[in-house]
Amino acid sequence: MKYSEAQLGRVFIMRLDANEVLHETIEQFASDHDLLAAAVIVVGGGGKDSTLIVGPRDSNSKIVDAMEYILNDAHEITGTGTLFRSEEGDPTLHMHVSAGRSDKTITGCVRRGVKVWGVLEVVLFEIKNTTAVKKYVKDFDNYMLYP
């Protein structure tokens with residue numbers, strides 16, 4: 001385990017509208033508002049053709065071959081995540097959501113593009129005075145948090 005200590009800063013309350021892409025909108029907002037790190041919660045609607053990453057194809061492989069699930073219609077979604085800057089200074093959202101419709105639910109990562117259906121409510125809790133950063137890990141083909 002690795003950890004660092006930080007403090008809470010500003011709190012932002014956002015409403016994302018239909019067809020906005022969840023991770024792109026939040027990362028752009030973070031860039032525009034000089035938000036270096038945050039905890040994020042969302043609740044609302046996910047749109048048809050949104051893509052979730054639902055796990056590695058082979059959990060024993062060193063190289064992650066991500067499986068995708070595409071929402072076939074509007075879904076209710078709720079999720080939580082973190083936002084930290086990459087080594088290059090880019091805001092990077094890591095968020096998992098659960099998406100439900102009727103009696104079926106799927107959970108996955110939003111990084112391939114979740115489009116808003118209707119409205120999506122977002123609360124960002126700024127994390128200040130942290131040394132945490134996202135570093136690219138080649139074997140993992142993804143960013144990992146380094147506190």
# chains A, B, ... in the order shown; residues from 1 in each chain; ligands from 1
>>> closest_atom_pairs(of="region 22-42 of chain A", to="region 124-132 of chain A", cutoff="9 Å", atoms="only C-alpha atoms", output="CSV")
residue,atom,partner,partner_atom,distance
A:Leu35,CA,A:Glu126,CA,6.9
A:Leu36,CA,A:Ile127,CA,7.6
A:Ala37,CA,A:Ile127,CA,5.1
A:Ala38,CA,A:Glu126,CA,4.3
A:Ala39,CA,A:Phe125,CA,5.1
A:Val40,CA,A:Leu124,CA,4.6
A:Ile41,CA,A:Leu124,CA,6.7
A:Val42,CA,A:Leu124,CA,8.9
>>> atom_distance(atom1="CA of Asp49 (chain A)", atom2="CA of Ser102 (chain A)")
17.0 Å
>>> atom_distance(atom1="CA of Gly47 (chain A)", atom2="CA of Lys134 (chain A)")
28.2 Å
>>> atom_distance(atom1="CA of Ile77 (chain A)", atom2="CA of Val11 (chain A)")
21.3 Å
>>> residues_around(residues="Thr25 (chain A)", least_positions_apart="2", cutoff="12 Å", atoms="only C-alpha atoms", output="PyMOL selection string")
chain A and resi 14-23+27-32+91-93+111+113-116+120+122
>>> write_last_selection(atoms="C-alpha atoms", output="CSV table (one decimal), in the first residue's frame")
chain,number,residue,atom,x,y,z
A,14,MET,CA,-22.4,20.3,-12.3
A,15,ARG,CA,-25.2,19.2,-14.6
A,16,LEU,CA,-24.2,17.5,-17.8
A,17,ASP,CA,-26.7,17.6,-20.6
A,18,ALA,CA,-27.8,15.1,-23.3
A,19,ASN,CA,-25.0,13.8,-25.5
A,20,GLU,CA,-22.1,15.3,-23.6
A,21,VAL,CA,-19.4,12.7,-23.1
A,22,LEU,CA,-18.9,12.1,-19.3
A,23,HIS,CA,-15.1,11.8,-19.1
A,27,GLU,CA,-11.6,16.5,-17.8
A,28,GLN,CA,-12.2,19.7,-19.8
A,29,PHE,CA,-13.9,21.3,-16.7
A,30,ALA,CA,-10.9,20.3,-14.6
A,31,SER,CA,-8.6,21.9,-17.1
A,32,ASP,CA,-10.6,25.1,-17.3
A,91,PRO,CA,-6.6,15.8,-16.1
A,92,THR,CA,-7.4,12.1,-16.1
A,93,LEU,CA,-10.7,10.7,-14.9
A,111,ARG,CA,-13.0,5.8,-20.4
A,113,GLY,CA,-17.1,7.1,-23.8
A,114,VAL,CA,-20.4,7.3,-21.8
A,115,LYS,CA,-22.8,9.8,-23.4
A,116,VAL,CA,-25.4,11.5,-21.2
A,120,LEU,CA,-26.3,13.7,-15.4
A,122,VAL,CA,-22.0,15.5,-11.0
>>> closest_residue(among="A:Glu5, A:Glu76, A:Asp103, A:Glu88", to="Lys48 (chain A)", atoms="only C-alpha atoms")
A:Glu76
>>> select_by_dssp(residues="chain A", states="helix (DSSP H, G or I)", output="PyMOL selection string")
chain A and resi 22-32
>>> select_by_dssp(residues="chain A", states="strand (DSSP E or B)", output="PyMOL selection string")
chain A and resi 7-17+21+37-46+51-56+66-70+75-86+91-101+104-109+115-128+133-137+142-146
>>> residues_around(residues="Gly79 (chain A)", least_positions_apart="3", cutoff="7 Å", atoms="only C-alpha atoms", output="ChimeraX atom specification")
/A:41-43,95-98
>>> write_last_selection(atoms="N, CA and C atoms", output="CSV table (one decimal), in the first residue's frame")
chain,number,residue,atom,x,y,z
A,41,ILE,N,-18.5,12.0,-7.9
A,41,ILE,CA,-19.7,11.1,-7.9
A,41,ILE,C,-20.7,11.6,-9.0
A,42,VAL,N,-21.4,10.7,-9.6
A,42,VAL,CA,-22.4,11.0,-10.7
A,42,VAL,C,-23.6,10.2,-10.5
A,43,VAL,N,-24.7,10.8,-10.9
A,43,VAL,CA,-26.0,10.1,-10.9
A,43,VAL,C,-26.9,10.7,-12.0
A,95,MET,N,-13.2,6.5,-13.6
A,95,MET,CA,-14.6,6.3,-13.0
A,95,MET,C,-15.2,5.0,-13.4
A,96,HIS,N,-15.9,4.4,-12.4
A,96,HIS,CA,-16.7,3.2,-12.8
A,96,HIS,C,-18.1,3.6,-12.5
A,97,VAL,N,-19.0,3.1,-13.3
A,97,VAL,CA,-20.4,3.4,-13.1
A,97,VAL,C,-21.2,2.0,-13.2
A,98,SER,N,-22.3,2.0,-12.6
A,98,SER,CA,-23.3,0.9,-12.8
A,98,SER,C,-24.4,1.5,-13.6
>>> residues_around(residues="Arg112 (chain A)", least_positions_apart="6", cutoff="8 Å", atoms="only C-alpha atoms", output="VMD selection string")
chain A and resid 51 to 53
>>> closest_residue(among="A:Lys2, A:Lys135, A:Lys62, A:Arg85", to="Asp34 (chain A)", atoms="only C-alpha atoms")
A:Arg85
>>> closest_residue(among="A:Val54, A:Val133, A:Arg10, A:Glu121", to="Ala99 (chain A)", atoms="only C-alpha atoms")
A:Val54
>>> closest_residue(among="A:Ile13, A:Asp73, A:Phe84, A:Gly46", to="Pro147 (chain A)", atoms="only C-alpha atoms")
A:Phe84
>>> residues_around(residues="Arg57 (chain A)", least_positions_apart="4", cutoff="8 Å", atoms="only C-alpha atoms", output="number ranges by chain")
A: 64-67
>>> write_last_selection(atoms="C-alpha atoms", output="mmCIF file, in the first residue's frame")
data_model
loop_
_atom_site.group_PDB
_atom_site.id
_atom_site.type_symbol
_atom_site.label_atom_id
_atom_site.label_comp_id
_atom_site.auth_asym_id
_atom_site.auth_seq_id
_atom_site.Cartn_x
_atom_site.Cartn_y
_atom_site.Cartn_z
ATOM 1 C CA VAL A 64 -4.632 -5.803 -20.544
ATOM 2 C CA ASP A 65 -6.984 -6.616 -23.421
ATOM 3 C CA ALA A 66 -10.076 -4.646 -22.357
ATOM 4 C CA MET A 67 -13.558 -6.017 -23.007
#
>>> decode(residues="region 33-125 of chain A", atoms="C-alpha atoms", output="PDB file, in the first residue's frame")
ATOM      1  CA  HIS A  33     -10.833  25.473 -13.500  1.00  0.00           C
ATOM      2  CA  ASP A  34      -7.253  24.484 -12.621  1.00  0.00           C
ATOM      3  CA  LEU A  35      -8.519  21.444 -10.760  1.00  0.00           C
ATOM      4  CA  LEU A  36      -5.539  19.177 -10.109  1.00  0.00           C
ATOM      5  CA  ALA A  37      -7.254  16.371  -8.191  1.00  0.00           C
ATOM      6  CA  ALA A  38     -10.793  15.451  -7.155  1.00  0.00           C
ATOM      7  CA  ALA A  39     -13.165  12.769  -5.953  1.00  0.00           C
ATOM      8  CA  VAL A  40     -16.181  12.539  -8.256  1.00  0.00           C
ATOM      9  CA  ILE A  41     -19.709  11.143  -7.935  1.00  0.00           C
ATOM     10  CA  VAL A  42     -22.363  11.003 -10.660  1.00  0.00           C
ATOM     11  CA  VAL A  43     -26.024  10.073 -10.931  1.00  0.00           C
ATOM     12  CA  GLY A  44     -28.383  10.325 -13.895  1.00  0.00           C
ATOM     13  CA  GLY A  45     -28.807   8.877 -17.357  1.00  0.00           C
ATOM     14  CA  GLY A  46     -26.408   7.113 -19.707  1.00  0.00           C
ATOM     15  CA  GLY A  47     -27.238   7.121 -23.395  1.00  0.00           C
ATOM     16  CA  LYS A  48     -27.577   4.488 -26.088  1.00  0.00           C
ATOM     17  CA  ASP A  49     -24.281   3.428 -27.693  1.00  0.00           C
ATOM     18  CA  SER A  50     -22.263   4.449 -24.616  1.00  0.00           C
ATOM     19  CA  THR A  51     -19.264   2.178 -24.125  1.00  0.00           C
ATOM     20  CA  LEU A  52     -18.141   0.652 -20.824  1.00  0.00           C
ATOM     21  CA  ILE A  53     -14.930  -1.272 -20.174  1.00  0.00           C
ATOM     22  CA  VAL A  54     -16.115  -4.378 -18.334  1.00  0.00           C
ATOM     23  CA  GLY A  55     -12.904  -6.181 -17.497  1.00  0.00           C
ATOM     24  CA  PRO A  56      -9.795  -7.691 -18.982  1.00  0.00           C
ATOM     25  CA  ARG A  57     -10.316 -10.562 -21.402  1.00  0.00           C
ATOM     26  CA  ASP A  58      -7.624 -12.565 -19.549  1.00  0.00           C
ATOM     27  CA  SER A  59      -7.001 -11.580 -15.936  1.00  0.00           C
ATOM     28  CA  ASN A  60      -3.714 -13.528 -15.903  1.00  0.00           C
ATOM     29  CA  SER A  61      -2.138 -11.654 -18.811  1.00  0.00           C
ATOM     30  CA  LYS A  62       0.397  -8.873 -18.179  1.00  0.00           C
ATOM     31  CA  ILE A  63      -1.041  -6.941 -21.130  1.00  0.00           C
ATOM     32  CA  VAL A  64      -4.632  -5.803 -20.544  1.00  0.00           C
ATOM     33  CA  ASP A  65      -6.984  -6.616 -23.421  1.00  0.00           C
ATOM     34  CA  ALA A  66     -10.076  -4.646 -22.357  1.00  0.00           C
ATOM     35  CA  MET A  67     -13.558  -6.017 -23.007  1.00  0.00           C
ATOM     36  CA  GLU A  68     -16.275  -3.545 -23.996  1.00  0.00           C
ATOM     37  CA  TYR A  69     -20.010  -3.447 -23.393  1.00  0.00           C
ATOM     38  CA  ILE A  70     -22.162  -1.048 -25.424  1.00  0.00           C
ATOM     39  CA  LEU A  71     -25.420   0.171 -23.889  1.00  0.00           C
ATOM     40  CA  ASN A  72     -28.307  -0.764 -26.187  1.00  0.00           C
ATOM     41  CA  ASP A  73     -30.592   2.037 -24.930  1.00  0.00           C
ATOM     42  CA  ALA A  74     -30.853   4.674 -22.189  1.00  0.00           C
ATOM     43  CA  HIS A  75     -29.819   3.441 -18.726  1.00  0.00           C
ATOM     44  CA  GLU A  76     -29.957   4.802 -15.202  1.00  0.00           C
ATOM     45  CA  ILE A  77     -26.384   5.266 -14.000  1.00  0.00           C
ATOM     46  CA  THR A  78     -24.547   6.008 -10.798  1.00  0.00           C
ATOM     47  CA  GLY A  79     -20.818   6.056 -10.296  1.00  0.00           C
ATOM     48  CA  THR A  80     -17.787   7.205  -8.429  1.00  0.00           C
ATOM     49  CA  GLY A  81     -14.263   8.015  -9.431  1.00  0.00           C
ATOM     50  CA  THR A  82     -11.122  10.040  -9.059  1.00  0.00           C
ATOM     51  CA  LEU A  83      -9.472  12.697 -11.135  1.00  0.00           C
ATOM     52  CA  PHE A  84      -5.704  13.270 -11.015  1.00  0.00           C
ATOM     53  CA  ARG A  85      -3.277  14.904 -13.422  1.00  0.00           C
ATOM     54  CA  SER A  86      -1.042  12.732 -15.562  1.00  0.00           C
ATOM     55  CA  GLU A  87       2.716  13.223 -15.600  1.00  0.00           C
ATOM     56  CA  GLU A  88       2.118  15.451 -18.641  1.00  0.00           C
ATOM     57  CA  GLY A  89      -0.322  17.600 -16.625  1.00  0.00           C
ATOM     58  CA  ASP A  90      -3.540  16.380 -18.281  1.00  0.00           C
ATOM     59  CA  PRO A  91      -6.615  15.813 -16.060  1.00  0.00           C
ATOM     60  CA  THR A  92      -7.358  12.068 -16.102  1.00  0.00           C
ATOM     61  CA  LEU A  93     -10.678  10.728 -14.863  1.00  0.00           C
ATOM     62  CA  HIS A  94     -10.918   7.144 -13.605  1.00  0.00           C
ATOM     63  CA  MET A  95     -14.564   6.346 -12.958  1.00  0.00           C
ATOM     64  CA  HIS A  96     -16.677   3.229 -12.755  1.00  0.00           C
ATOM     65  CA  VAL A  97     -20.444   3.361 -13.141  1.00  0.00           C
ATOM     66  CA  SER A  98     -23.261   0.897 -12.765  1.00  0.00           C
ATOM     67  CA  ALA A  99     -25.795   1.177 -15.562  1.00  0.00           C
ATOM     68  CA  GLY A 100     -29.232  -0.364 -15.164  1.00  0.00           C
ATOM     69  CA  ARG A 101     -32.280  -0.830 -17.364  1.00  0.00           C
ATOM     70  CA  SER A 102     -35.289  -2.887 -16.348  1.00  0.00           C
ATOM     71  CA  ASP A 103     -33.939  -5.894 -14.432  1.00  0.00           C
ATOM     72  CA  LYS A 104     -30.370  -5.847 -15.799  1.00  0.00           C
ATOM     73  CA  THR A 105     -27.298  -3.997 -14.540  1.00  0.00           C
ATOM     74  CA  ILE A 106     -23.738  -3.744 -15.869  1.00  0.00           C
ATOM     75  CA  THR A 107     -20.748  -2.091 -14.197  1.00  0.00           C
ATOM     76  CA  GLY A 108     -17.676  -0.763 -15.933  1.00  0.00           C
ATOM     77  CA  CYS A 109     -15.173   2.014 -16.552  1.00  0.00           C
ATOM     78  CA  VAL A 110     -16.251   5.096 -18.552  1.00  0.00           C
ATOM     79  CA  ARG A 111     -12.963   5.823 -20.367  1.00  0.00           C
ATOM     80  CA  ARG A 112     -14.210   4.665 -23.801  1.00  0.00           C
ATOM     81  CA  GLY A 113     -17.148   7.102 -23.796  1.00  0.00           C
ATOM     82  CA  VAL A 114     -20.383   7.326 -21.825  1.00  0.00           C
ATOM     83  CA  LYS A 115     -22.829   9.769 -23.375  1.00  0.00           C
ATOM     84  CA  VAL A 116     -25.377  11.508 -21.192  1.00  0.00           C
ATOM     85  CA  TRP A 117     -29.031  10.665 -21.699  1.00  0.00           C
ATOM     86  CA  GLY A 118     -31.264  13.422 -20.345  1.00  0.00           C
ATOM     87  CA  VAL A 119     -29.250  14.819 -17.449  1.00  0.00           C
ATOM     88  CA  LEU A 120     -26.294  13.693 -15.375  1.00  0.00           C
ATOM     89  CA  GLU A 121     -25.628  15.271 -11.979  1.00  0.00           C
ATOM     90  CA  VAL A 122     -21.971  15.516 -10.964  1.00  0.00           C
ATOM     91  CA  VAL A 123     -20.332  16.523  -7.686  1.00  0.00           C
ATOM     92  CA  LEU A 124     -16.567  17.104  -7.668  1.00  0.00           C
ATOM     93  CA  PHE A 125     -14.730  17.376  -4.354  1.00  0.00           C
TER      94      PHE A 125
END
